[in-house]
file my_file-v7.txt (compact mmCIF, C-alpha atoms)
# COMPACT_ATOMS: atom_id res chain seq x y z
CA MET A 298 117.40 123.08 106.74
CA THR A 299 118.29 123.07 103.05
CA THR A 300 116.72 125.91 101.07
CA HIS A 301 114.12 124.79 98.54
CA PRO A 302 111.86 126.62 96.08
CA ARG A 303 108.75 128.04 97.71
CA ILE A 304 105.12 127.53 96.73
CA ILE A 305 103.00 130.46 97.92
CA LEU A 306 99.26 129.78 98.22
CA LYS A 307 96.43 132.16 97.46
CA SER A 308 94.64 133.78 100.37
CA GLY A 309 92.29 131.28 102.05
CA LYS A 310 93.71 128.27 100.19
CA ASP A 311 95.64 127.02 103.21
CA ALA A 312 92.61 125.57 105.01
CA SER A 313 93.07 122.00 103.78
CA LEU A 314 96.76 121.93 104.75
CA LEU A 315 95.92 123.27 108.19
CA ARG A 316 93.65 120.21 108.45
CA TYR A 317 96.62 118.03 107.40
CA HIS A 318 95.29 117.07 104.00
CA PRO A 319 98.48 116.08 102.10
CA TRP A 320 97.68 117.54 98.67
CA VAL A 321 98.15 121.01 97.21
CA PHE A 322 96.09 121.57 94.07
CA SER A 323 97.49 123.67 91.25
CA GLY A 324 94.57 126.11 91.45
CA ALA A 325 95.52 127.04 95.01
CA ILE A 326 98.95 128.33 94.04
CA LYS A 327 99.52 132.09 93.90
CA LYS A 328 103.17 132.05 92.86
CA VAL A 329 106.40 130.07 92.91
CA THR A 330 109.69 131.54 94.08
CA GLY A 331 112.70 129.92 92.49
CA THR A 332 112.82 127.38 89.68
CA VAL A 333 110.94 124.13 90.18
CA ALA A 334 111.25 120.91 88.24
CA GLU A 335 109.17 117.75 88.17
CA GLY A 336 109.72 115.79 91.38
CA GLN A 337 111.67 118.51 93.17
CA ILE A 338 111.35 119.14 96.91
CA VAL A 339 109.42 122.36 97.62
CA GLU A 340 108.26 124.21 100.70
CA VAL A 341 104.68 125.46 100.90
CA TYR A 342 103.73 128.75 102.56
CA ASP A 343 100.51 130.66 103.03
CA ASN A 344 99.94 134.17 101.68
CA LYS A 345 101.42 135.64 104.90
CA ASP A 346 104.67 133.66 104.65
CA HIS A 347 103.80 131.05 107.30
CA PHE A 348 105.30 127.60 106.68
CA LEU A 349 102.68 124.91 105.93
CA GLY A 350 104.55 121.86 104.69
CA ILE A 351 107.27 120.32 102.57
CA GLY A 352 106.89 117.77 99.79
CA HIS A 353 107.35 116.82 96.16
CA TYR A 354 106.34 119.12 93.31
CA GLN A 355 104.63 117.79 90.20
CA THR A 356 102.93 119.41 87.23
CA GLY A 357 99.27 118.56 87.02
CA THR A 358 96.16 118.95 89.14
CA ILE A 359 97.87 117.75 92.33
CA ALA A 360 100.85 120.09 92.38
CA VAL A 361 102.44 119.12 95.70
CA ARG A 362 102.26 115.96 97.78
CA ILE A 363 103.10 116.90 101.35
CA LEU A 364 105.51 114.60 103.18
CA SER A 365 105.81 116.63 106.38
CA PHE A 366 103.91 119.50 107.99
CA THR A 367 107.07 120.47 109.90
CA PRO A 368 110.31 121.72 108.26
CA ASP A 369 112.12 118.37 108.18
CA GLU A 370 115.05 117.33 106.05
CA LEU A 371 113.76 114.74 103.59
CA ASP A 372 116.83 112.54 103.87
CA LYS A 373 117.32 108.81 104.33
CA SER A 374 116.74 108.97 108.08
CA PHE A 375 113.41 110.74 107.52
CA PHE A 376 112.17 107.96 105.23
CA ALA A 377 113.64 105.18 107.38
CA ASP A 378 111.71 106.55 110.36
CA LYS A 379 108.44 106.55 108.38
CA ILE A 380 109.11 103.01 107.12
CA GLU A 381 109.96 101.83 110.63
CA ARG A 382 106.62 103.13 111.91
CA ALA A 383 104.77 101.46 109.05
CA TRP A 384 106.58 98.16 109.66
CA LYS A 385 105.75 98.25 113.37
CA ILE A 386 102.05 98.62 112.59
CA ARG A 387 102.21 95.56 110.30
CA LYS A 388 104.08 93.69 113.01
CA ASP A 389 101.38 94.59 115.55
CA LEU A 390 98.73 93.48 113.04
CA GLY A 391 100.36 90.06 112.86
CA LEU A 392 101.36 90.43 109.21
CA ALA A 393 105.10 91.08 109.35
CA ASP A 394 107.26 88.11 110.43
CA ASN A 395 104.32 85.74 110.00
CA ASP A 396 105.09 82.20 108.81
CA HIS A 397 101.51 81.70 107.57
CA THR A 398 101.20 84.94 105.57
CA THR A 399 104.36 86.12 103.83
CA MET A 400 102.91 88.85 101.62
CA TYR A 401 101.47 92.15 102.76
CA ARG A 402 101.54 95.87 102.04
CA LEU A 403 104.26 97.62 104.01
CA VAL A 404 103.69 101.21 102.80
CA HIS A 405 100.37 102.51 101.50
CA GLY A 406 100.99 106.03 100.21
CA GLU A 407 99.12 108.74 102.09
CA GLY A 408 97.89 106.17 104.60
CA ASP A 409 101.45 105.82 105.89
CA GLY A 410 102.47 109.44 105.41
CA LEU A 411 104.39 108.73 102.19
CA PRO A 412 102.26 110.04 99.29
CA GLY A 413 103.31 108.59 95.96
CA LEU A 414 104.88 105.41 97.35
CA ILE A 415 103.61 101.82 97.52
CA ALA A 416 105.75 99.05 99.00
CA ASP A 417 104.63 95.40 99.02
CA VAL A 418 106.40 92.41 100.51
CA TYR A 419 106.28 89.02 98.75
CA GLY A 420 108.31 86.53 100.73
CA ARG A 421 111.82 87.97 100.71
CA THR A 422 111.20 90.28 97.75
CA LEU A 423 110.16 93.90 98.28
CA VAL A 424 108.33 95.56 95.39
CA LEU A 425 108.32 99.36 95.20
CA GLN A 426 105.88 101.27 93.04
CA MET A 427 106.30 105.02 92.75
CA HIS A 428 103.27 107.03 91.70
CA SER A 429 105.00 110.41 91.78
CA ALA A 430 108.09 111.78 90.08
CA GLY A 431 109.48 112.87 93.44
CA MET A 432 109.47 109.34 94.84
CA TYR A 433 110.86 107.90 91.62
CA LEU A 434 113.81 110.25 91.61
CA ILE A 435 114.86 109.07 95.10
CA ARG A 436 114.11 105.38 94.55
CA ARG A 437 117.66 104.31 95.41
CA LEU A 438 117.62 106.36 98.61
CA LEU A 439 114.28 104.71 99.42
CA ALA A 440 115.74 101.26 98.73
CA ASP A 441 118.54 102.03 101.20
CA ALA A 442 116.01 103.18 103.79
CA PHE A 443 113.96 99.98 103.39
CA ARG A 444 117.12 97.90 103.66
CA GLU A 445 118.03 99.75 106.88
CA VAL A 446 114.65 98.85 108.41
CA LEU A 447 114.11 95.34 107.04
CA GLY A 448 117.69 94.07 106.99
CA SER A 449 117.95 90.37 106.16
CA ARG A 450 114.14 90.00 105.98
CA ILE A 451 114.44 90.88 102.29
CA SER A 452 116.93 89.66 99.70
CA ALA A 453 115.73 91.64 96.66
CA ILE A 454 114.09 94.99 95.86
CA TYR A 455 112.16 95.39 92.61
CA ASP A 456 111.05 98.71 91.08
CA LYS A 457 107.70 98.47 89.31
CA SER A 458 106.91 102.12 88.59
CA GLU A 459 106.77 102.16 84.80
CA SER A 460 102.98 101.86 84.54
CA ALA A 461 102.23 103.96 87.64
CA LEU A 462 104.11 107.19 86.92
CA PRO A 463 102.51 110.13 85.09
CA HIS A 464 102.93 109.69 81.33
CA ARG A 465 104.58 113.10 80.99
CA PHE A 466 107.47 112.07 83.26
CA PRO A 467 110.41 110.61 81.29
CA LEU A 468 111.51 107.29 82.77
CA LYS A 469 115.22 106.93 83.34
CA GLU A 470 115.07 103.14 83.67
CA LYS A 471 112.64 100.34 82.94
CA ASP A 472 111.11 98.16 85.65
CA GLY A 473 113.63 95.85 87.24
CA PHE A 474 115.61 94.95 90.33
CA ILE A 475 117.20 97.83 92.21
CA GLU A 476 118.95 95.33 94.42
CA GLY A 477 119.41 91.56 94.34
CA SER A 478 117.29 89.22 92.21
CA SER A 479 114.75 86.45 92.63
CA ASP A 480 113.41 83.57 90.59
CA GLU A 481 109.78 82.51 90.52
CA CYS A 482 108.07 84.03 93.56
CA ILE A 483 105.70 81.88 95.60
CA ALA A 484 104.29 83.52 98.73
CA LEU A 485 101.79 82.49 101.38
CA GLU A 486 98.49 84.02 102.39
CA SER A 487 96.84 82.25 105.33
CA ASP A 488 98.86 79.14 104.36
CA ASN A 489 97.51 79.27 100.79
CA LYS A 490 100.28 79.32 98.19
CA PHE A 491 100.23 81.88 95.39
CA LEU A 492 102.56 82.33 92.46
CA VAL A 493 103.14 86.08 92.24
CA ASP A 494 103.99 87.46 88.80
CA ILE A 495 105.93 90.53 89.92
CA PRO A 496 107.10 91.75 86.47
CA GLY A 497 103.92 90.99 84.53
CA GLY A 498 101.10 91.04 87.08
CA GLN A 499 98.71 93.87 87.83
CA LYS A 500 99.49 96.32 90.63
CA THR A 501 102.71 95.03 92.23
CA GLY A 502 101.94 91.43 91.25
CA PHE A 503 98.94 90.47 93.40
CA PHE A 504 95.76 92.03 94.84
CA LEU A 505 96.78 92.16 98.49
CA ASP A 506 93.84 94.40 99.39
CA GLN A 507 91.32 91.53 99.15
CA ARG A 508 93.03 89.26 101.72
CA GLU A 509 90.40 89.55 104.47
CA ASN A 510 87.53 89.49 101.97
CA ARG A 511 88.93 86.27 100.47
CA GLN A 512 89.00 84.75 103.95
CA LEU A 513 85.34 85.67 104.44
CA ALA A 514 84.38 84.19 101.07
CA GLY A 515 86.14 80.97 101.97
CA SER A 516 84.26 80.72 105.24
CA LEU A 517 80.90 81.00 103.41
CA SER A 518 81.60 78.72 100.45
CA LYS A 519 81.13 75.21 101.86
CA GLY A 520 79.04 73.05 99.53
CA LYS A 521 78.41 75.90 97.10
CA ASN A 522 78.80 76.30 93.36
CA VAL A 523 81.02 79.38 93.12
CA LEU A 524 81.57 81.77 90.23
CA ASN A 525 84.64 84.00 90.60
CA LEU A 526 84.11 86.65 87.94
CA PHE A 527 87.01 88.91 86.93
CA GLY A 528 88.88 86.16 88.76
CA TYR A 529 92.36 87.30 87.70
CA THR A 530 94.83 84.82 89.25
CA GLY A 531 92.27 82.93 91.30
CA GLY A 532 92.69 84.34 94.81
CA PHE A 533 89.01 84.04 95.73
CA SER A 534 88.86 80.66 93.98
CA VAL A 535 91.61 79.15 96.13
CA TYR A 536 89.90 80.32 99.31
CA ALA A 537 86.53 79.01 98.14
CA MET A 538 88.04 75.60 97.45
CA ARG A 539 89.80 75.64 100.82
CA GLY A 540 86.43 76.41 102.37
CA GLY A 541 84.82 73.33 100.82
CA ALA A 542 83.11 74.65 97.69
CA LYS A 543 81.49 71.98 95.52
CA LEU A 544 82.73 73.59 92.30
CA VAL A 545 84.55 76.81 91.44
CA HIS A 546 84.67 78.53 88.06
CA THR A 547 87.26 81.28 87.58
CA VAL A 548 86.36 83.59 84.69
CA ASP A 549 88.61 86.30 83.25
CA SER A 550 89.11 87.81 79.80
CA SER A 551 92.88 87.35 80.10
CA ARG A 552 94.22 83.94 79.10
CA GLN A 553 97.44 84.68 80.96
CA ALA A 554 95.48 85.37 84.16
CA ILE A 555 93.50 82.14 83.84
CA GLU A 556 96.68 80.15 83.27
CA LEU A 557 98.09 81.61 86.47
CA ALA A 558 94.81 80.93 88.31
CA ASN A 559 95.00 77.29 87.23
CA ARG A 560 98.57 77.10 88.49
CA ASN A 561 97.58 78.61 91.84
CA VAL A 562 94.83 76.01 92.24
CA GLU A 563 97.32 73.26 91.39
CA LEU A 564 99.83 74.64 93.89
CA ASN A 565 97.28 74.12 96.66
CA PHE A 566 95.08 71.22 95.53
CA GLY A 567 96.78 69.45 92.63
CA LYS A 568 94.58 68.49 89.66
CA ASP A 569 91.31 69.11 91.49
CA PRO A 570 88.27 68.52 89.24
CA ARG A 571 86.21 71.02 91.25
CA HIS A 572 87.97 73.92 89.51
CA GLU A 573 87.71 75.19 85.94
CA GLY A 574 89.38 78.29 84.55
CA ILE A 575 87.41 79.97 81.76
CA VAL A 576 88.63 82.69 79.37
CA ALA A 577 85.59 84.84 78.64
CA ASP A 578 84.18 88.35 78.83
CA ALA A 579 82.50 88.73 82.21
CA PHE A 580 79.32 90.39 80.95
CA GLU A 581 78.88 87.87 78.15
CA TYR A 582 79.53 84.95 80.49
CA LEU A 583 76.89 86.13 82.96
CA GLY A 584 74.42 86.44 80.10
CA SER A 585 74.76 82.75 79.24
CA ALA A 586 75.74 81.22 82.61
CA GLY A 587 72.30 79.96 83.60
CA ASN A 588 71.21 79.57 87.22
CA LYS A 589 73.82 77.12 88.46
CA TYR A 590 75.72 79.33 90.94
CA ASP A 591 74.81 79.93 94.57
CA MET A 592 77.84 82.14 95.27
CA ILE A 593 79.02 84.81 92.83
CA ILE A 594 82.04 87.07 93.37
CA LEU A 595 82.21 90.28 91.33
CA ASP A 596 85.61 91.96 91.66
CA PRO A 597 85.95 94.06 88.49
CA PRO A 598 88.79 96.43 87.68
CA ALA A 599 88.18 100.11 88.36
CA PHE A 600 85.38 101.27 86.05
CA ALA A 601 86.25 104.92 86.79
CA LYS A 602 89.59 106.52 87.54
CA HIS A 603 88.37 110.09 87.00
CA ASN A 604 85.19 111.98 87.89
CA GLU A 605 84.57 112.68 84.20
CA VAL A 606 83.57 109.04 83.64
CA LEU A 607 81.83 108.49 86.99
CA HIS A 608 78.33 108.28 85.50
CA ASN A 609 79.35 105.65 82.96
CA ALA A 610 81.10 103.68 85.68
CA LEU A 611 78.02 103.60 87.89
CA GLN A 612 75.97 102.42 84.92
CA GLY A 613 78.52 99.63 84.40
CA TYR A 614 78.29 98.54 88.05
CA LYS A 615 74.48 98.61 87.83
CA ARG A 616 74.40 96.47 84.68
CA LEU A 617 76.91 93.97 86.08
CA ASN A 618 75.13 93.53 89.39
CA ALA A 619 71.69 93.33 87.78
CA ARG A 620 72.92 90.42 85.66
CA ALA A 621 74.36 88.69 88.70
CA PHE A 622 71.11 89.14 90.63
CA SER A 623 69.18 87.68 87.70
CA VAL A 624 71.16 84.40 87.59
CA ILE A 625 72.14 83.63 91.18
CA GLN A 626 70.28 80.79 92.87
CA PRO A 627 67.66 81.65 95.53
CA GLY A 628 69.42 81.63 98.88
CA GLY A 629 72.69 82.54 97.16
CA ILE A 630 75.40 84.91 98.33
CA LEU A 631 76.78 87.72 96.18
CA PHE A 632 80.12 89.40 96.89
CA THR A 633 80.30 92.65 94.91
CA PHE A 634 83.10 95.23 94.90
CA SER A 635 84.21 98.57 93.52
CA CYS A 636 87.87 99.58 93.63
CA SER A 637 87.23 102.94 91.94
CA GLN A 638 88.44 105.74 94.21
CA VAL A 639 85.99 108.24 92.71
CA VAL A 640 83.01 105.96 93.46
CA CYS A 641 82.07 106.74 97.05
CA ARG A 642 80.62 104.11 99.36
CA ASP A 643 77.13 105.63 99.28
CA ALA A 644 77.04 105.86 95.47
CA PHE A 645 78.15 102.25 95.13
CA ARG A 646 75.51 101.03 97.58
CA LYS A 647 72.78 103.00 95.80
CA THR A 648 73.88 101.54 92.47
CA VAL A 649 73.70 97.97 93.82
CA PHE A 650 70.29 98.83 95.36
CA THR A 651 69.06 99.91 91.91
CA ALA A 652 70.37 96.68 90.36
CA ALA A 653 68.54 94.65 93.00
CA ALA A 654 65.31 96.55 92.34
CA ILE A 655 65.64 95.94 88.60
CA SER A 656 66.00 92.21 89.24
CA LYS A 657 63.02 92.18 91.64
CA ARG A 658 64.95 89.98 94.08
CA GLN A 659 64.78 90.26 97.87
CA VAL A 660 68.28 91.18 99.06
CA ARG A 661 69.82 91.60 102.51
CA ILE A 662 73.20 93.13 103.32
CA LEU A 663 75.26 90.71 105.42
CA TYR A 664 78.59 92.53 105.43
CA GLN A 665 79.95 95.89 104.29
CA LEU A 666 83.59 95.47 103.31
CA SER A 667 86.63 97.65 102.82
CA GLN A 668 90.38 97.36 102.41
CA PRO A 669 92.45 95.61 105.10
CA PRO A 670 94.49 97.42 107.77
CA ASP A 671 97.77 97.16 105.87
CA HIS A 672 96.06 99.53 103.39
CA PRO A 673 95.30 102.21 106.01
CA VAL A 674 93.32 105.37 105.33
CA ASN A 675 94.75 108.65 106.59
CA ILE A 676 91.84 110.20 108.50
CA TYR A 677 92.70 113.58 106.93
CA HIS A 678 92.73 112.03 103.43
CA PRO A 679 89.39 110.22 102.92
CA GLU A 680 90.24 109.73 99.23
CA GLY A 681 92.42 106.85 100.39
CA GLU A 682 89.35 104.70 101.05
CA TYR A 683 89.03 103.21 97.59
CA LEU A 684 87.81 99.61 98.09
CA LYS A 685 84.10 99.12 98.77
CA GLY A 686 82.32 95.80 99.01
CA LEU A 687 78.97 94.30 99.93
CA VAL A 688 78.09 90.71 100.81
CA LEU A 689 74.45 90.12 99.96
CA ALA A 690 71.99 87.33 100.68
CA VAL A 691 69.69 86.97 97.67
CA GLU A 692 66.27 85.32 97.95

call {"tool": "encode", "arguments": {"input": "my_file-v7.txt", "output": "structure tokens"}}
result
Amino acid sequence: MTTHPRIILKSGKDASLLRYHPWVFSGAIKKVTGTVAEGQIVEVYDNKDHFLGIGHYQTGTIAVRILSFTPDELDKSFFADKIERAWKIRKDLGLADNDHTTMYRLVHGEGDGLPGLIADVYGRTLVLQMHSAGMYLIRRLLADAFREVLGSRISAIYDKSESALPHRFPLKEKDGFIEGSSDECIALESDNKFLVDIPGGQKTGFFLDQRENRQLAGSLSKGKNVLNLFGYTGGFSVYAMRGGAKLVHTVDSSRQAIELANRNVELNFGKDPRHEGIVADAFEYLGSAGNKYDMIILDPPAFAKHNEVLHNALQGYKRLNARAFSVIQPGGILFTFSCSQVVCRDAFRKTVFTAAAISKRQVRILYQLSQPPDHPVNIYHPEGEYLKGLVLAVE
């Protein structure tokens, strides 16, 4: 095995690694032997010189992201093996090689044993997003490993790491194709067509984590007046229309998002008068919307990315849900979500409970939702469970 710098932990700080948690926090480090640089491979040892793991070093609170708890060589074959396992799971789930759904998440960071790496498939384009310097520095090796596993299933690989990497890390290149190229990308989800804006869209171009929740919304939307708030590019709207909604309003503060939502509706239904895209602030729109909706979907961006702003985030969720409860028709259905990792499931549910109490509406929980199985949660890394959702019947 190649010799790497060593991270020596303080006495008693090895417990989380012995439980296979893949993070080493900076406060747990006693000393470093050798010179380490951002993104470098390091080996982690306890205070008695017992090997604990190997991974990528990074300055900051999370100092090491562990890639293996055995002394493996982190070469192309190592990553190809991990990718192969991840692909097989998606194949078994019915997502990979599926003619009806051609976009899915292939690698989900810690959930697939590859902290710092996201890989999404859109048709024949693979989009990589590196969240750690270590993954970014080996992006071309990773591209080769993905090519080895996927072969002719992909024709292009796009790197979209610019907005995901720590600000302190100097980018060597801007976002762009590592390999191949592609024109306008249209992919399928349950036979619904979506135009995916890979360079300019949020995340890797589309919110793949709401696929199963969109399907559920579609199945409950027949004959309903639907409000898709924070609608982005209209994913929930397309499913609601497919499900037989009477009317669907997609509301987002971004004009570019609404233009793309309108295009996605047209891709599937042509110039359908049931749909209207509206550029507006979500809170302001709810304040003046009146009581015309009997299904409301609240899928806001993360209100909190750090614990320091958790209280303010919970207040934001409470205010948003209270407004939705106040305007939804009796007998209506409310889909409400939080994608903030620092907002735990229990805190989110209590916040929605408080909003319901403020509105004095009778509310029943029909479904408790999470992220789909191509966004797996490592059982030793509960922080990976970031998406929480409730489907509520409102009297």

call {"tool": "residues_around", "arguments": {"input": "my_file-v7.txt", "residues": "A:Ile630", "least_positions_apart": "2", "cutoff": "7 Å", "atoms": "all atoms listed in the file", "output": "VMD selection string"}}
result
chain A and resid 591 to 593 628 632 688 to 691

call {"tool": "atom_distance", "arguments": {"input": "my_file-v7.txt", "atom1": "atom CA of A:Ile326", "atom2": "atom CA of A:Lys307"}}
result
5.7 Å

call {"tool": "closest_residue", "arguments": {"input": "my_file-v7.txt", "among": "A:Gly336, A:Gly477, A:Gly350, A:Gly515", "to": "A:Leu462", "atoms": "all atoms listed in the file"}}
result
A:Gly336

call {"tool": "residues_around", "arguments": {"input": "my_file-v7.txt", "residues": "A:Arg642", "least_positions_apart": "3", "cutoff": "9 Å", "atoms": "only C-alpha atoms", "output": "number ranges by chain"}}
result
A: 635, 645-647, 682-686

call {"tool": "closest_residue", "arguments": {"input": "my_file-v7.txt", "among": "A:Ala654, A:Gly309, A:Gly391, A:Ile475", "to": "A:Asn344", "atoms": "all atoms listed in the file"}}
result
A:Gly309
